[in-house]
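Each remark here refers to the structure printed beneath this line.
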Amino acid sequence: MPRDPLIDQSQAARLAFFEQKRDLFQELVAHGQSPKSLLITCSDSRIVDAGLMGTQPGEVFVVRTVGAVVPPYGTGHRAVGAALEFALAKLAVRHVIVCGHTDCGAVQALDVSLDQQMTPNLATWLEILRPAKTSVDARHSFDDPYLRHVAIVEQGVLMQLRNLETYPLVQRALEQQTVQLHGWVYSLETGRLSYYDADVGQFVPEDAG
Ligand SMILES: [Zn+2]
């Protein structure tokens, strides 16, 4: 059996990372994980959850989907639901975050027609996101395509938050006020977040810091 070059290439970094956090890992194995947050974000390679949230191992439970899409409850897509149920029922997370991002290929793909033969799963999956584009295009016309893109990303996050609320476990947790939902958009251009402020009904940038 030939050696796996990917394992060889990453070994030094992996072991250095582990050594730095050896005590933390031993603690987390001995007592189990108890993350406070579930982060639902895009599969995009440019998003690194520790970079996004400044978290250590054990602090955030993560599920990634193409486009940070959350399928509504009962639609037959079970991966996100399984992560949600684990996070809420077993880990008792206090926060569920949906984080979209700029320059999102999933959102860009809504403007092209995907090959149903070649990418049938992707094409079907992105239909869950399509109402975000349809609703933005119906309400606004943008001179700047970047602003349109961000508006669709934001609308997509809002719709995924609504989809989250279709899960009975989420409804119960919201009623019992044991969980808070958060909608974020991560700017790949600036490294900054904006977040949905329900009081003002729009996304607002994080403080300049
Ligand atoms: Zn993306």
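Labels for the structure tokens follow display order: chains A, B, ..., residues from 1 in each chain, ligands from 1.
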Closest atom pairs, chain A residues within 10 Å of ligand 1, only C-alpha atoms and all ligand atoms, as CSV:
```
residue,atom,partner,partner_atom_place_in_ligand_line,distance
A:Thr41,CA,ligand 1,1 (Zn),7.9
A:Cys42,CA,ligand 1,1 (Zn),4.7
A:Ser43,CA,ligand 1,1 (Zn),6.2
A:Asp44,CA,ligand 1,1 (Zn),4.9
A:Ser45,CA,ligand 1,1 (Zn),8.6
A:Arg46,CA,ligand 1,1 (Zn),8.9
A:Ile47,CA,ligand 1,1 (Zn),8.7
A:Arg64,CA,ligand 1,1 (Zn),9.6
A:Thr65,CA,ligand 1,1 (Zn),8.4
A:Val66,CA,ligand 1,1 (Zn),6.1
A:Gly67,CA,ligand 1,1 (Zn),4.5
A:Ala68,CA,ligand 1,1 (Zn),6.8
A:Val69,CA,ligand 1,1 (Zn),9.4
A:Cys99,CA,ligand 1,1 (Zn),9.5
A:Gly100,CA,ligand 1,1 (Zn),6.6
A:His101,CA,ligand 1,1 (Zn),6.0
A:Thr102,CA,ligand 1,1 (Zn),7.4
A:Asp103,CA,ligand 1,1 (Zn),7.0
A:Cys104,CA,ligand 1,1 (Zn),3.7
A:Gly105,CA,ligand 1,1 (Zn),5.2
A:Ala106,CA,ligand 1,1 (Zn),5.4
A:Val107,CA,ligand 1,1 (Zn),7.1
A:Gln108,CA,ligand 1,1 (Zn),8.9
A:Val153,CA,ligand 1,1 (Zn),9.0
```
Would you save the residues from that selection as an mmCIF file, in the first residue's frame, using N, CA and C atoms?
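Resulting contents of result_20.cif:
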```
data_model
loop_
_atom_site.group_PDB
_atom_site.id
_atom_site.type_symbol
_atom_site.label_atom_id
_atom_site.label_comp_id
_atom_site.auth_asym_id
_atom_site.auth_seq_id
_atom_site.Cartn_x
_atom_site.Cartn_y
_atom_site.Cartn_z
ATOM 1 N N THR A 41 -22.683 26.896 8.158
ATOM 2 C CA THR A 41 -22.099 27.794 7.171
ATOM 3 C C THR A 41 -21.844 27.056 5.868
ATOM 4 N N CYS A 42 -21.286 27.785 4.905
ATOM 5 C CA CYS A 42 -21.079 27.234 3.563
ATOM 6 C C CYS A 42 -19.849 26.322 3.549
ATOM 7 N N SER A 43 -19.849 25.402 2.609
ATOM 8 C CA SER A 43 -18.704 24.499 2.447
ATOM 9 C C SER A 43 -17.474 25.207 1.890
ATOM 10 N N ASP A 44 -17.624 26.449 1.489
ATOM 11 C CA ASP A 44 -16.543 27.204 0.844
ATOM 12 C C ASP A 44 -15.217 27.063 1.601
ATOM 13 N N SER A 45 -14.151 26.809 0.844
ATOM 14 C CA SER A 45 -12.835 26.544 1.454
ATOM 15 C C SER A 45 -12.235 27.767 2.136
ATOM 16 N N ARG A 46 -12.779 28.943 1.822
ATOM 17 C CA ARG A 46 -12.184 30.164 2.397
ATOM 18 C C ARG A 46 -12.733 30.485 3.779
ATOM 19 N N ILE A 47 -13.718 29.734 4.202
ATOM 20 C CA ILE A 47 -14.265 29.938 5.547
ATOM 21 C C ILE A 47 -13.601 28.941 6.498
ATOM 22 N N ARG A 64 -21.621 22.138 7.639
ATOM 23 C CA ARG A 64 -21.405 22.935 6.432
ATOM 24 C C ARG A 64 -22.212 22.338 5.290
ATOM 25 N N THR A 65 -22.861 23.213 4.568
ATOM 26 C CA THR A 65 -23.564 22.760 3.370
ATOM 27 C C THR A 65 -23.238 23.737 2.245
ATOM 28 N N VAL A 66 -23.416 23.297 1.031
ATOM 29 C CA VAL A 66 -23.227 24.199 -0.101
ATOM 30 C C VAL A 66 -24.245 25.332 0.024
ATOM 31 N N GLY A 67 -23.741 26.551 0.137
ATOM 32 C CA GLY A 67 -24.604 27.727 0.241
ATOM 33 C C GLY A 67 -25.143 27.975 1.641
ATOM 34 N N ALA A 68 -24.679 27.246 2.646
ATOM 35 C CA ALA A 68 -25.217 27.346 4.015
ATOM 36 C C ALA A 68 -26.731 27.132 4.015
ATOM 37 N N VAL A 69 -27.169 26.248 3.152
ATOM 38 C CA VAL A 69 -28.597 25.984 3.001
ATOM 39 C C VAL A 69 -29.097 25.067 4.125
ATOM 40 N N CYS A 99 -24.506 31.290 8.763
ATOM 41 C CA CYS A 99 -23.532 32.268 8.258
ATOM 42 C C CYS A 99 -23.312 32.084 6.765
ATOM 43 N N GLY A 100 -23.843 33.019 5.975
ATOM 44 C CA GLY A 100 -23.538 33.067 4.550
ATOM 45 C C GLY A 100 -22.282 33.906 4.339
ATOM 46 N N HIS A 101 -21.888 34.053 3.103
ATOM 47 C CA HIS A 101 -20.659 34.819 2.854
ATOM 48 C C HIS A 101 -20.681 35.419 1.459
ATOM 49 N N THR A 102 -19.846 36.451 1.287
ATOM 50 C CA THR A 102 -19.740 37.096 -0.018
ATOM 51 C C THR A 102 -18.946 36.205 -0.983
ATOM 52 N N ASP A 103 -19.100 36.486 -2.256
ATOM 53 C CA ASP A 103 -18.442 35.713 -3.316
ATOM 54 C C ASP A 103 -18.818 34.237 -3.224
ATOM 55 N N CYS A 104 -20.082 33.980 -2.867
ATOM 56 C CA CYS A 104 -20.547 32.602 -2.662
ATOM 57 C C CYS A 104 -20.906 31.958 -4.003
ATOM 58 N N GLY A 105 -20.224 30.882 -4.316
ATOM 59 C CA GLY A 105 -20.468 30.189 -5.582
ATOM 60 C C GLY A 105 -21.862 29.606 -5.683
ATOM 61 N N ALA A 106 -22.443 29.250 -4.539
ATOM 62 C CA ALA A 106 -23.799 28.691 -4.556
ATOM 63 C C ALA A 106 -24.794 29.754 -4.996
ATOM 64 N N VAL A 107 -24.603 30.964 -4.487
ATOM 65 C CA VAL A 107 -25.497 32.065 -4.873
ATOM 66 C C VAL A 107 -25.257 32.435 -6.334
ATOM 67 N N GLN A 108 -23.991 32.466 -6.736
ATOM 68 C CA GLN A 108 -23.678 32.782 -8.142
ATOM 69 C C GLN A 108 -24.275 31.746 -9.085
ATOM 70 N N VAL A 153 -27.344 37.027 -0.811
ATOM 71 C CA VAL A 153 -26.728 36.268 0.294
ATOM 72 C C VAL A 153 -27.492 36.544 1.593
#
```
Every residue of region 6-175 of chain A that DSSP places in strand (DSSP E or B), as a PyMOL selection string: chain A and resi 37-42+60-65+95-101
Within 10 Å of region 82-85 of chain A, which residues of region 47-71 of chain A show up? Give each one with its shortest atom-to-atom distance in Å (one decimal) and the two atoms involved, counting only C-alpha atoms, rows by chain then rising residue number, as JSON lines.
```
{"residue": "A:Phe61", "atom": "CA", "partner": "A:Ala83", "partner_atom": "CA", "distance": 8.6}
{"residue": "A:Val62", "atom": "CA", "partner": "A:Ala83", "partner_atom": "CA", "distance": 8.3}
{"residue": "A:Val63", "atom": "CA", "partner": "A:Ala83", "partner_atom": "CA", "distance": 6.7}
{"residue": "A:Arg64", "atom": "CA", "partner": "A:Ala83", "partner_atom": "CA", "distance": 10.0}
{"residue": "A:Val70", "atom": "CA", "partner": "A:Leu84", "partner_atom": "CA", "distance": 9.9}
```
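Distance annotation: of A:Phe17, A:Leu88, A:Ile152, A:Val96, the residue with the minimal separation from Asp111 (chain A) is A:Ile152; atom set is only C-alpha atoms.
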10 Å contact set for region 174-191 of chain A, only C-alpha atoms, chain neighbours under 6 positions out, as a PyMOL selection string: chain A and resi 36-41+46-47+51-52+88+92-104+150+153-162+164-165+168+197-198+203-206
Those in region 81-165 of chain A with alpha helix (DSSP H) from DSSP, as number ranges by chain: A: 81-85, 105-108, 120-126, 130-139, 145-164
